[in-house]
file work22.tsv (TSV, C-alpha atoms)
chain	number	residue	atom	x	y	z
A	56	MET	CA	0.00	0.00	0.00
A	57	THR	CA	1.36	3.44	-0.91
A	58	VAL	CA	1.59	6.14	1.74
A	59	GLU	CA	-0.86	8.26	-0.25
A	60	LYS	CA	-3.48	5.50	-0.34
A	61	ALA	CA	-3.01	4.82	3.37
A	62	LEU	CA	-3.36	8.51	4.16
A	63	TYR	CA	-6.59	8.66	2.16
A	64	ASN	CA	-7.98	5.65	4.07
A	65	TYR	CA	-7.01	7.18	7.39
A	66	ILE	CA	-8.60	10.54	6.65
A	67	ILE	CA	-11.80	8.79	5.58
A	68	ARG	CA	-11.87	6.87	8.88
A	69	LEU	CA	-11.42	10.02	10.94
A	70	GLY	CA	-13.94	11.89	8.80
A	71	ASP	CA	-16.57	9.14	9.01
A	72	ASN	CA	-16.24	8.91	12.80
A	73	ALA	CA	-16.78	12.67	13.09
A	74	LEU	CA	-19.64	12.78	10.59
A	75	ILE	CA	-21.64	9.87	11.99
A	76	LEU	CA	-21.17	10.91	15.62
A	77	GLY	CA	-22.13	14.49	14.73
A	78	GLN	CA	-25.28	13.26	12.99
A	79	ARG	CA	-26.19	11.04	15.96
A	80	LEU	CA	-25.73	13.83	18.51
A	81	GLY	CA	-27.74	16.17	16.32
A	82	GLU	CA	-30.75	13.90	16.91
A	83	TRP	CA	-30.84	15.27	20.46
A	84	CYS	CA	-31.71	18.75	19.25
A	85	GLY	CA	-34.93	19.70	21.04
A	86	HIS	CA	-35.08	16.44	23.02
A	87	ALA	CA	-32.63	16.69	25.92
A	88	HIS	CA	-33.80	16.77	29.55
A	89	GLN	CA	-32.76	20.38	30.06
A	90	LEU	CA	-31.93	23.30	27.80
A	91	GLU	CA	-28.25	23.39	28.81
A	92	THR	CA	-27.77	19.74	27.88
A	93	ASP	CA	-29.63	20.19	24.63
A	94	ILE	CA	-27.32	23.06	23.70
A	95	ALA	CA	-24.19	21.22	24.85
A	96	LEU	CA	-24.93	18.07	22.84
A	97	THR	CA	-25.70	20.01	19.70
A	98	ASN	CA	-22.56	22.12	20.15
A	99	VAL	CA	-20.50	18.95	20.37
A	100	ALA	CA	-22.36	17.75	17.26
A	101	LEU	CA	-21.43	20.97	15.49
A	102	ASP	CA	-17.76	20.55	16.36
A	103	GLN	CA	-17.83	17.00	15.01
A	104	ILE	CA	-19.51	18.10	11.78
A	105	GLY	CA	-16.86	20.85	11.51
A	106	GLN	CA	-14.14	18.22	11.80
A	107	ALA	CA	-15.92	16.01	9.27
A	108	ARG	CA	-16.00	18.88	6.77
A	109	ILE	CA	-12.25	19.51	7.06
A	110	LEU	CA	-11.46	15.80	6.75
A	111	LEU	CA	-13.87	14.82	4.00
A	112	SER	CA	-12.96	17.92	1.95
A	113	GLU	CA	-9.33	16.84	2.12
A	114	ALA	CA	-10.20	13.24	1.15
A	115	ALA	CA	-12.35	14.51	-1.74
A	116	SER	CA	-9.51	16.67	-3.03
A	117	MET	CA	-7.31	13.55	-3.04
A	118	GLU	CA	-9.90	11.80	-5.24
A	119	GLY	CA	-9.90	14.52	-7.87
A	120	PRO	CA	-10.66	18.18	-8.56
A	121	ASP	CA	-14.38	17.67	-9.22
A	122	ARG	CA	-15.06	15.77	-5.97
A	123	THR	CA	-16.41	17.45	-2.84
A	124	GLU	CA	-17.14	16.67	0.81
A	125	ASP	CA	-20.82	16.27	-0.15
A	126	HIS	CA	-20.07	13.41	-2.55
A	127	LEU	CA	-18.44	11.54	0.30
A	128	ALA	CA	-21.07	12.35	2.93
A	129	PHE	CA	-24.21	11.86	0.87
A	130	HIS	CA	-23.38	9.58	-2.04
A	131	ARG	CA	-21.55	6.68	-0.47
A	132	ASP	CA	-23.33	3.49	0.59
A	133	GLU	CA	-23.03	1.82	3.96
A	134	LYS	CA	-20.19	-0.53	3.08
A	135	HIS	CA	-17.99	2.40	2.07
A	136	PHE	CA	-18.27	4.10	5.46
A	137	LYS	CA	-15.31	3.24	7.70
A	138	ASN	CA	-16.41	4.68	11.05
A	139	ASN	CA	-16.17	2.72	14.28
A	140	LEU	CA	-19.33	0.91	15.33
A	141	LEU	CA	-19.44	2.83	18.63
A	142	VAL	CA	-20.38	6.15	17.00
A	143	GLU	CA	-23.27	4.77	14.93
A	144	LEU	CA	-25.11	3.11	17.84
A	145	GLU	CA	-28.52	4.44	18.76
A	146	ASN	CA	-28.65	7.31	21.25
A	147	GLY	CA	-30.90	5.44	23.68
A	148	ASP	CA	-31.46	7.41	26.86
A	149	PHE	CA	-29.18	10.19	28.10
A	150	ALA	CA	-27.11	7.73	30.18
A	151	ARG	CA	-26.30	5.78	27.05
A	152	THR	CA	-25.54	8.85	24.92
A	153	ILE	CA	-23.24	10.46	27.47
A	154	THR	CA	-21.45	7.16	28.21
A	155	ARG	CA	-20.85	6.62	24.49
A	156	GLN	CA	-19.60	10.19	24.28
A	157	PHE	CA	-17.29	9.72	27.26
A	158	LEU	CA	-15.73	6.52	25.87
A	159	PHE	CA	-15.21	8.21	22.50
A	160	ASP	CA	-14.05	11.61	23.80
A	161	ILE	CA	-11.18	10.14	25.80
A	162	TYR	CA	-10.13	8.15	22.72
A	163	GLN	CA	-10.40	11.11	20.38
A	164	TYR	CA	-8.57	13.36	22.82
A	165	TYR	CA	-5.49	11.13	23.03
A	166	LEU	CA	-5.54	10.31	19.32
A	167	LEU	CA	-5.58	14.01	18.41
A	168	LYS	CA	-2.91	14.77	20.98
A	169	GLU	CA	-0.61	12.28	19.27
A	170	LEU	CA	-1.58	13.50	15.79
A	171	THR	CA	-0.36	17.00	16.68
A	172	LYS	CA	3.13	15.45	16.41
A	173	SER	CA	2.42	14.06	12.93
A	174	LYS	CA	4.98	14.56	10.18
A	175	ASN	CA	2.07	15.12	7.82
A	176	ASP	CA	1.11	18.81	7.72
A	177	PHE	CA	-2.58	18.22	7.08
A	178	LEU	CA	-3.04	15.76	9.98
A	179	LYS	CA	-0.99	17.99	12.27
A	180	GLY	CA	-3.00	21.11	11.43
A	181	TYR	CA	-6.31	19.27	11.74
A	182	ALA	CA	-5.32	17.81	15.11
A	183	GLU	CA	-4.09	21.09	16.59
A	184	LYS	CA	-7.36	22.75	15.64
A	185	SER	CA	-9.67	19.99	16.86
A	186	LEU	CA	-7.86	19.05	20.05
A	187	LYS	CA	-8.90	22.34	21.65
A	188	GLU	CA	-12.56	21.60	21.01
A	189	VAL	CA	-12.37	17.96	22.06
A	190	THR	CA	-10.82	19.03	25.38
A	191	TYR	CA	-14.15	20.69	26.17
A	192	HIS	CA	-16.10	17.62	25.02
A	193	ARG	CA	-14.05	15.43	27.32
A	194	ASN	CA	-14.68	17.71	30.30
A	195	LEU	CA	-18.41	17.74	29.61
A	196	SER	CA	-18.86	13.98	29.29
A	197	SER	CA	-16.52	13.14	32.21
A	198	ASP	CA	-18.43	15.53	34.48
A	199	TRP	CA	-21.73	13.88	33.57
A	200	VAL	CA	-20.39	10.35	34.05
A	201	ILE	CA	-19.29	11.29	37.58
A	202	ARG	CA	-22.49	13.19	38.36
A	203	LEU	CA	-24.81	10.40	37.24
A	204	GLY	CA	-22.65	7.44	38.29
A	205	ASP	CA	-22.23	8.89	41.77
A	206	GLY	CA	-25.80	10.20	41.79
A	207	THR	CA	-28.98	8.40	42.79
A	208	GLN	CA	-29.44	4.62	42.74
A	209	VAL	CA	-31.47	4.96	39.54
A	210	SER	CA	-28.92	7.12	37.72
A	211	HIS	CA	-26.10	4.87	38.90
A	212	ASP	CA	-27.83	1.74	37.61
A	213	LYS	CA	-28.62	3.33	34.26
A	214	MET	CA	-24.99	4.40	33.83
A	215	GLN	CA	-23.66	0.96	34.76
A	216	GLU	CA	-26.06	-0.66	32.30
A	217	ALA	CA	-25.08	1.76	29.52
A	218	LEU	CA	-21.41	1.09	30.21
A	219	GLU	CA	-21.86	-2.65	30.02
A	220	ASN	CA	-23.87	-2.44	26.81
A	221	LEU	CA	-21.37	-0.16	25.08
A	222	TRP	CA	-18.19	-1.78	26.32
A	223	ARG	CA	-17.97	-4.40	23.58
A	224	TYR	CA	-17.67	-1.60	21.00
A	225	THR	CA	-14.56	-0.03	22.56
A	226	GLY	CA	-12.03	-2.68	21.45
A	227	GLU	CA	-12.46	-1.69	17.83
A	228	LEU	CA	-11.20	1.85	18.51
A	229	PHE	CA	-7.68	0.43	18.88
A	230	GLU	CA	-7.64	-2.03	15.94
A	231	MET	CA	-4.85	-1.53	13.47
A	232	ASP	CA	-4.27	-2.83	9.95
A	233	GLU	CA	-1.99	-2.18	6.96
A	234	THR	CA	-3.17	1.44	6.69
A	235	ASP	CA	-1.94	2.13	10.23
A	236	GLU	CA	1.32	0.24	9.72
A	237	VAL	CA	2.22	2.20	6.57
A	238	LEU	CA	1.47	5.52	8.25
A	239	ILE	CA	3.20	4.64	11.53
A	240	SER	CA	6.40	3.90	9.54
A	241	ALA	CA	6.02	7.27	7.80
A	242	GLY	CA	5.73	9.02	11.17
A	243	PHE	CA	2.24	10.29	10.29
A	244	VAL	CA	0.10	8.53	12.92
A	245	PRO	CA	0.50	7.02	16.40
A	246	ASP	CA	0.51	3.36	17.41
A	247	LEU	CA	-2.98	2.78	18.84
A	248	ASN	CA	-1.63	0.30	21.40
A	249	GLU	CA	-0.02	3.21	23.21
A	250	ILE	CA	-3.23	5.22	23.13
A	251	LYS	CA	-5.08	2.21	24.50
A	252	SER	CA	-3.11	2.23	27.75
A	253	THR	CA	-3.62	5.98	28.37
A	254	TRP	CA	-7.30	5.60	27.45
A	255	GLU	CA	-7.69	2.72	29.91
A	256	LYS	CA	-6.01	4.71	32.69
A	257	ASP	CA	-8.22	7.79	32.20
A	258	VAL	CA	-11.43	5.82	31.80
A	259	ARG	CA	-10.65	3.86	34.97
A	260	GLU	CA	-9.94	7.04	36.90
A	261	VAL	CA	-13.26	8.67	35.96
A	262	LEU	CA	-15.28	5.47	36.47
A	263	THR	CA	-13.76	4.99	39.90
A	264	GLU	CA	-14.73	8.50	40.91
A	265	ALA	CA	-18.18	7.83	39.46
A	266	THR	CA	-18.44	4.66	41.63
A	267	LEU	CA	-19.01	2.61	38.48
A	268	THR	CA	-17.46	-0.79	37.83
A	269	MET	CA	-15.15	-0.90	34.86
A	270	PRO	CA	-15.89	-3.90	32.63
A	271	ASP	CA	-13.17	-6.36	31.64
A	272	MET	CA	-10.68	-5.04	29.07
A	273	ASP	CA	-10.30	-8.59	27.72
A	274	ALA	CA	-14.01	-9.16	27.21
A	275	TYR	CA	-15.41	-10.07	23.76
A	276	MET	CA	-15.21	-7.07	21.41
A	277	ALA	CA	-17.33	-6.40	18.32
A	278	SER	CA	-15.58	-5.47	15.10
A	279	GLY	CA	-16.32	-4.58	11.48
A	280	GLY	CA	-16.61	-0.81	11.03
A	281	ARG	CA	-13.13	-0.48	9.54
A	282	LYS	CA	-14.09	-3.02	6.88
A	283	GLY	CA	-17.44	-1.39	6.15
A	284	ILE	CA	-19.44	-4.04	8.03
A	285	HIS	CA	-21.80	-2.11	10.27
A	286	THR	CA	-24.49	-2.69	12.88
A	287	GLU	CA	-28.18	-2.71	12.00
A	288	TYR	CA	-28.39	0.94	13.13
A	289	MET	CA	-26.14	2.30	10.39
A	290	GLY	CA	-28.66	2.00	7.56
A	291	TYR	CA	-31.22	4.12	9.38
A	292	ILE	CA	-28.83	6.94	10.10
A	293	LEU	CA	-27.65	7.05	6.48
A	294	ALA	CA	-31.23	6.95	5.20
A	295	GLU	CA	-32.09	10.02	7.21
A	296	MET	CA	-28.87	11.88	6.47
A	297	GLN	CA	-28.73	11.10	2.75
A	298	TYR	CA	-32.40	11.21	1.79
A	299	LEU	CA	-32.61	14.84	0.71
A	300	PRO	CA	-29.43	15.16	-1.41
A	301	ARG	CA	-30.15	11.83	-3.10
A	302	THR	CA	-33.79	12.58	-3.85
A	303	MET	CA	-33.09	16.15	-4.96
A	304	PRO	CA	-29.46	16.26	-6.10
A	305	GLU	CA	-29.81	19.87	-7.27
A	306	ALA	CA	-31.14	21.12	-3.93
A	307	LYS	CA	-29.30	24.16	-2.57
A	308	TRP	CA	-29.46	25.89	0.81
B	297	MET	CA	-5.55	51.35	-2.55
B	298	ASN	CA	-3.07	50.05	0.01
B	299	LYS	CA	-3.34	47.37	2.68
B	300	GLU	CA	-4.17	49.80	5.48
B	301	GLU	CA	-7.23	51.02	3.62
B	302	ILE	CA	-8.34	47.43	2.99
B	303	TYR	CA	-7.97	46.73	6.72
B	304	GLU	CA	-10.10	49.77	7.47
B	305	ILE	CA	-12.89	48.40	5.27
B	306	LEU	CA	-12.60	44.93	6.81
B	307	GLU	CA	-12.90	46.49	10.27
B	308	SER	CA	-16.58	47.02	9.42
B	309	VAL	CA	-17.15	43.26	8.97
B	310	LYS	CA	-18.54	41.99	12.28
B	311	ASP	CA	-19.11	38.55	13.71
B	312	PRO	CA	-22.84	38.02	12.94
B	313	GLU	CA	-23.36	36.33	16.32
B	314	ILE	CA	-21.43	38.92	18.36
B	315	PRO	CA	-21.93	42.21	16.48
B	316	VAL	CA	-19.60	44.20	18.78
B	317	LEU	CA	-16.59	42.25	17.50
B	318	SER	CA	-15.02	42.91	14.12
B	319	ILE	CA	-13.16	40.11	12.38
B	320	ILE	CA	-9.96	41.99	13.28
B	321	ASP	CA	-10.85	42.21	17.01
B	322	LEU	CA	-11.71	38.54	16.98
B	323	GLY	CA	-8.39	37.63	15.35
B	324	ILE	CA	-9.94	35.61	12.55
B	325	LEU	CA	-8.60	37.89	9.81
B	326	ARG	CA	-5.14	36.43	9.31
B	327	SER	CA	-3.73	38.39	6.38
B	328	VAL	CA	-4.38	40.72	3.47
B	329	GLU	CA	-2.11	40.34	0.48
B	330	ILE	CA	-1.94	42.34	-2.71
B	331	SER	CA	-0.01	40.79	-5.59
B	332	GLN	CA	2.08	42.90	-7.99
B	333	THR	CA	-0.69	42.71	-10.56
B	334	GLY	CA	-3.15	44.00	-7.97
B	335	GLU	CA	-5.02	40.79	-7.07
B	336	LEU	CA	-6.29	40.78	-3.54
B	337	VAL	CA	-6.13	37.71	-1.27
B	338	VAL	CA	-7.71	37.76	2.19
B	339	SER	CA	-7.04	34.85	4.58
B	340	ILE	CA	-9.39	34.03	7.43
B	341	THR	CA	-9.52	31.22	9.99
B	342	PRO	CA	-12.55	29.76	11.79
B	343	THR	CA	-12.84	30.12	15.56
B	344	TYR	CA	-14.35	26.63	15.83
B	345	THR	CA	-14.19	24.04	13.02
B	346	GLY	CA	-17.96	23.99	12.70
B	347	CYS	CA	-18.49	27.74	13.13
B	348	PRO	CA	-21.66	28.46	11.14
B	349	ALA	CA	-20.78	32.17	10.87
B	350	MET	CA	-17.89	31.59	8.46
B	351	ASP	CA	-20.01	31.54	5.30
B	352	THR	CA	-21.72	34.80	6.26
B	353	ILE	CA	-18.40	36.45	7.10
B	354	GLU	CA	-16.91	35.33	3.80
B	355	LYS	CA	-19.86	36.72	1.83
B	356	GLU	CA	-19.67	40.01	3.67
B	357	ILE	CA	-15.96	40.43	3.00
B	358	GLN	CA	-16.66	39.75	-0.66
B	359	ALA	CA	-19.56	42.22	-0.80
B	360	LYS	CA	-17.69	45.02	1.01
B	361	LEU	CA	-14.70	44.75	-1.30
B	362	GLU	CA	-16.77	44.38	-4.44
B	363	ASP	CA	-18.55	47.61	-3.48
B	364	ILE	CA	-15.26	49.42	-3.98
B	365	GLY	CA	-14.52	47.46	-7.16
B	366	ARG	CA	-11.98	45.07	-5.65
B	367	PRO	CA	-12.72	41.41	-6.41
B	368	VAL	CA	-11.12	39.26	-3.74
B	369	GLU	CA	-10.01	35.68	-3.31
B	370	ILE	CA	-10.74	34.39	0.19
B	371	LYS	CA	-8.65	31.62	1.70
B	372	THR	CA	-9.77	29.71	4.78
B	373	LEU	CA	-6.87	28.40	6.87
B	374	ILE	CA	-7.10	25.91	9.74
B	375	SER	CA	-3.42	26.09	10.66
B	376	PRO	CA	-2.13	27.67	12.82
B	377	ALA	CA	-5.23	27.02	14.91
B	378	TRP	CA	-7.15	30.07	16.10
B	379	THR	CA	-6.76	30.95	19.75
B	380	THR	CA	-8.54	33.46	21.98
B	381	ASP	CA	-5.06	34.93	22.62
B	382	TRP	CA	-5.45	36.60	19.20
B	383	MET	CA	-8.39	38.64	20.38
B	384	THR	CA	-7.48	42.33	20.66
B	385	GLU	CA	-7.65	44.36	23.89
B	386	ARG	CA	-10.38	46.47	22.32
B	387	GLY	CA	-12.26	43.27	21.44
B	388	ARG	CA	-12.11	42.06	25.05
B	389	LYS	CA	-13.33	45.42	26.33
B	390	ASN	CA	-16.21	45.52	23.82
B	391	LEU	CA	-17.21	41.99	24.77
B	392	GLU	CA	-17.45	42.79	28.48
B	393	GLU	CA	-19.46	45.96	27.81
B	394	TYR	CA	-21.78	43.91	25.62
B	395	GLY	CA	-22.42	41.52	28.54
B	396	ILE	CA	-20.16	38.62	27.61
B	397	ALA	CA	-17.24	37.84	29.95
B	398	PRO	CA	-14.05	37.84	27.84
B	399	PRO	CA	-11.68	34.83	27.82
B	400	ALA	CA	-9.98	34.81	31.21
B	401	GLU	CA	-6.31	34.31	30.45
B	402	ALA	CA	-3.83	32.99	27.95
B	403	THR	CA	-4.36	29.36	27.00
B	404	THR	CA	-0.83	28.56	28.13
B	405	ASP	CA	-2.43	28.32	31.57
B	406	LYS	CA	-2.36	24.67	32.61
B	407	SER	CA	-5.89	24.77	33.95
B	408	PHE	CA	-7.06	24.75	30.32
B	409	LEU	CA	-5.59	21.30	29.83
B	410	THR	CA	-6.57	19.87	33.17
B	411	GLY	CA	-10.07	21.23	32.81
B	412	SER	CA	-10.21	22.88	36.21
B	413	HIS	CA	-12.49	25.87	36.27
B	414	LYS	CA	-11.26	29.44	36.37
B	415	VAL	CA	-12.47	32.52	38.19
B	416	ILE	CA	-14.70	34.45	35.80
B	417	ARG	CA	-15.83	38.01	36.46
B	418	CYS	CA	-19.50	38.89	36.05
B	419	PRO	CA	-19.79	41.42	33.17
B	420	GLN	CA	-22.78	43.05	34.89
B	421	CYS	CA	-21.71	43.70	38.50
B	422	LYS	CA	-17.98	42.72	38.19
B	423	SER	CA	-18.23	40.25	41.07
B	424	THR	CA	-15.92	37.24	40.88
B	425	ASN	CA	-18.36	35.18	42.94
B	426	THR	CA	-19.62	33.25	39.91
B	427	GLU	CA	-20.27	29.63	38.96
B	428	MET	CA	-20.44	27.68	35.74
B	429	ILE	CA	-23.89	26.39	34.79
B	430	SER	CA	-22.95	24.69	31.54
B	431	HIS	CA	-19.77	24.00	29.55
B	432	PHE	CA	-21.61	25.05	26.41
B	433	GLY	CA	-23.66	28.22	25.92
B	434	SER	CA	-25.65	29.73	23.09
B	435	THR	CA	-22.79	29.19	20.64
B	436	ALA	CA	-19.83	26.78	20.55
B	437	CYS	CA	-17.43	29.53	21.67
B	438	LYS	CA	-19.29	30.36	24.88
B	439	ALA	CA	-20.03	28.73	28.24
B	440	LEU	CA	-22.93	29.65	30.50
B	441	TYR	CA	-22.22	31.19	33.92
B	442	ARG	CA	-24.25	32.65	36.76
B	443	CYS	CA	-23.29	35.45	39.12
B	444	LYS	CA	-23.97	34.51	42.75
B	445	ASP	CA	-24.06	38.17	43.82
B	446	CYS	CA	-26.31	39.89	41.28
B	447	LEU	CA	-27.92	36.52	40.37
B	448	GLU	CA	-27.78	37.26	36.64
B	449	PRO	CA	-26.80	34.52	34.20
B	450	PHE	CA	-24.19	35.48	31.60
B	451	ASP	CA	-22.18	34.12	28.70
B	452	TYR	CA	-18.46	33.54	29.02
B	453	PHE	CA	-16.28	33.48	25.92
B	454	LYS	CA	-14.24	30.31	26.45
B	455	CYS	CA	-10.47	30.18	26.17
B	456	LEU	CA	-9.40	28.17	23.16

call {"tool": "encode", "arguments": {"input": "work22.tsv", "output": "structure tokens"}}
result
Amino acid sequence: MTVEKALYNYIIRLGDNALILGQRLGEWCGHAHQLETDIALTNVALDQIGQARILLSEAASMEGPDRTEDHLAFHRDEKHFKNNLLVELENGDFARTITRQFLFDIYQYYLLKELTKSKNDFLKGYAEKSLKEVTYHRNLSSDWVIRLGDGTQVSHDKMQEALENLWRYTGELFEMDETDEVLISAGFVPDLNEIKSTWEKDVREVLTEATLTMPDMDAYMASGGRKGIHTEYMGYILAEMQYLPRTMPEAKW
Amino acid sequence: MNKEEIYEILESVKDPEIPVLSIIDLGILRSVEISQTGELVVSITPTYTGCPAMDTIEKEIQAKLEDIGRPVEIKTLISPAWTTDWMTERGRKNLEEYGIAPPAEATTDKSFLTGSHKVIRCPQCKSTNTEMISHFGSTACKALYRCKDCLEPFDYFKCL
């Protein structure tokens, strides 16, 4: 695999994670339990969509001069999306959404932190910009995990249940393949094994403070997103997101 | 027309969500370049990656310069990443008078990374007896605070 091809794959992965998570969080608009939470979740969604635009625009420019971010967001089918399964899962209740966000935020935070050292100018610039925003996301979700985990019996139980249901989707965040190997050799991206240990340490610290029990790191882990094999929830999110531009390709804002 | 005059015109382009801040005060205008053949290139950078005001700002720059017969090419840069440290003193003052607490201190402060909360001064009564209500306010760049003395809620422009 050439470095250019690997870089394209990697940018698509990052872009798809941001796009799908942004779309999911956007579903909370007008539905959260309090105005502040509604605004916070949609602000995080906006940051993710902002990241997706930077990333998918870059990937589109690598495909050719007539390709745009919209081609990639709206005119690809499910099997061409390379996001992690975690970000496409249904929102469920607030406990589930904020736990998903927490598990992803810590991962994204450390990944971006390492990418700021990338020898690739695009990845470095993207990471420096986004890391600042993700720092706020991480603070928000960690605060909520502690508040609800160490809250009432009901909130504690809901958080523990969400954690156990989502846990099997965390292993995939650290999977590596040829794309990673090529880019690690080029000094463009970090080794995810190293991020895994910092992620584990931070997650454990917050869960302990939240009086929640951390599930087993060696438990069975689901996989497939990187190969375009998604959960049953993926089709629904794409149907909603892609309906308008596919039905009316000439539609303009 | 020289660069200074272009800057003067661009001073009248405001952030559509915070109309007391010009794009110069906010630090999102990065450069104005005039080539030898007279082509004008203006570079801007978004505050937040998903900032929805960027399109409006771009259109306004274009319109203002076209009014004086200067077509312009606008470049959007993401690197170096925008920081609240680029906000001018005048910008900070205008923000506070408008009722938004300006970013507290330079982002080199470690508390930014560790996430511990800073002391923010109420823009209404200037008390420092305030508390954070929400990490995110009415836009991505603001957090929501409340003053425990005058009891008014207020926006705080977050350090980035």

call {"tool": "closest_residue", "arguments": {"input": "work22.tsv", "among": "A:Leu110, A:Ala277, A:Leu262, A:Leu247", "to": "chain B", "atoms": "all atoms listed in the file"}}
result
A:Leu110

call {"tool": "residues_around", "arguments": {"input": "work22.tsv", "residues": "Ala294 (chain A)", "least_positions_apart": "5", "cutoff": "12 Å", "atoms": "only C-alpha atoms", "output": "list of chain:residue names"}}
result
A:Gln78, A:Ala128, A:Phe129, A:His130, A:Arg131, A:Asp132, A:Glu133, A:Tyr288, A:Met289, A:Leu299, A:Pro300, A:Arg301, A:Thr302

call {"tool": "write_last_selection", "arguments": {"input": "work22.tsv", "atoms": "C-alpha atoms", "output": "mmCIF file, in the coordinates of the input"}}
result
data_model
loop_
_atom_site.group_PDB
_atom_site.id
_atom_site.type_symbol
_atom_site.label_atom_id
_atom_site.label_comp_id
_atom_site.auth_asym_id
_atom_site.auth_seq_id
_atom_site.Cartn_x
_atom_site.Cartn_y
_atom_site.Cartn_z
ATOM 1 C CA GLN A 78 -25.280 13.260 12.990
ATOM 2 C CA ALA A 128 -21.070 12.350 2.930
ATOM 3 C CA PHE A 129 -24.210 11.860 0.870
ATOM 4 C CA HIS A 130 -23.380 9.580 -2.040
ATOM 5 C CA ARG A 131 -21.550 6.680 -0.470
ATOM 6 C CA ASP A 132 -23.330 3.490 0.590
ATOM 7 C CA GLU A 133 -23.030 1.820 3.960
ATOM 8 C CA TYR A 288 -28.390 0.940 13.130
ATOM 9 C CA MET A 289 -26.140 2.300 10.390
ATOM 10 C CA LEU A 299 -32.610 14.840 0.710
ATOM 11 C CA PRO A 300 -29.430 15.160 -1.410
ATOM 12 C CA ARG A 301 -30.150 11.830 -3.100
ATOM 13 C CA THR A 302 -33.790 12.580 -3.850
#

call {"tool": "interface_residues", "arguments": {"input": "work22.tsv", "of": "chain A", "to": "chain B", "cutoff": "12 Å", "atoms": "only C-alpha atoms", "output": "PyMOL selection string"}}
result
chain A and resi 73-74+77+89-110+164+168+171+176-199+308

call {"tool": "atom_distance", "arguments": {"input": "work22.tsv", "atom1": "CA of Asn390 (chain B)", "atom2": "CA of Ser339 (chain B)"}}
result
23.8 Å

call {"tool": "residues_around", "arguments": {"input": "work22.tsv", "residues": "Leu306 (chain B)", "least_positions_apart": "4", "cutoff": "8 Å", "atoms": "all atoms listed in the file", "output": "VMD selection string"}}
result
chain B and resid 302 318 to 320 357 360
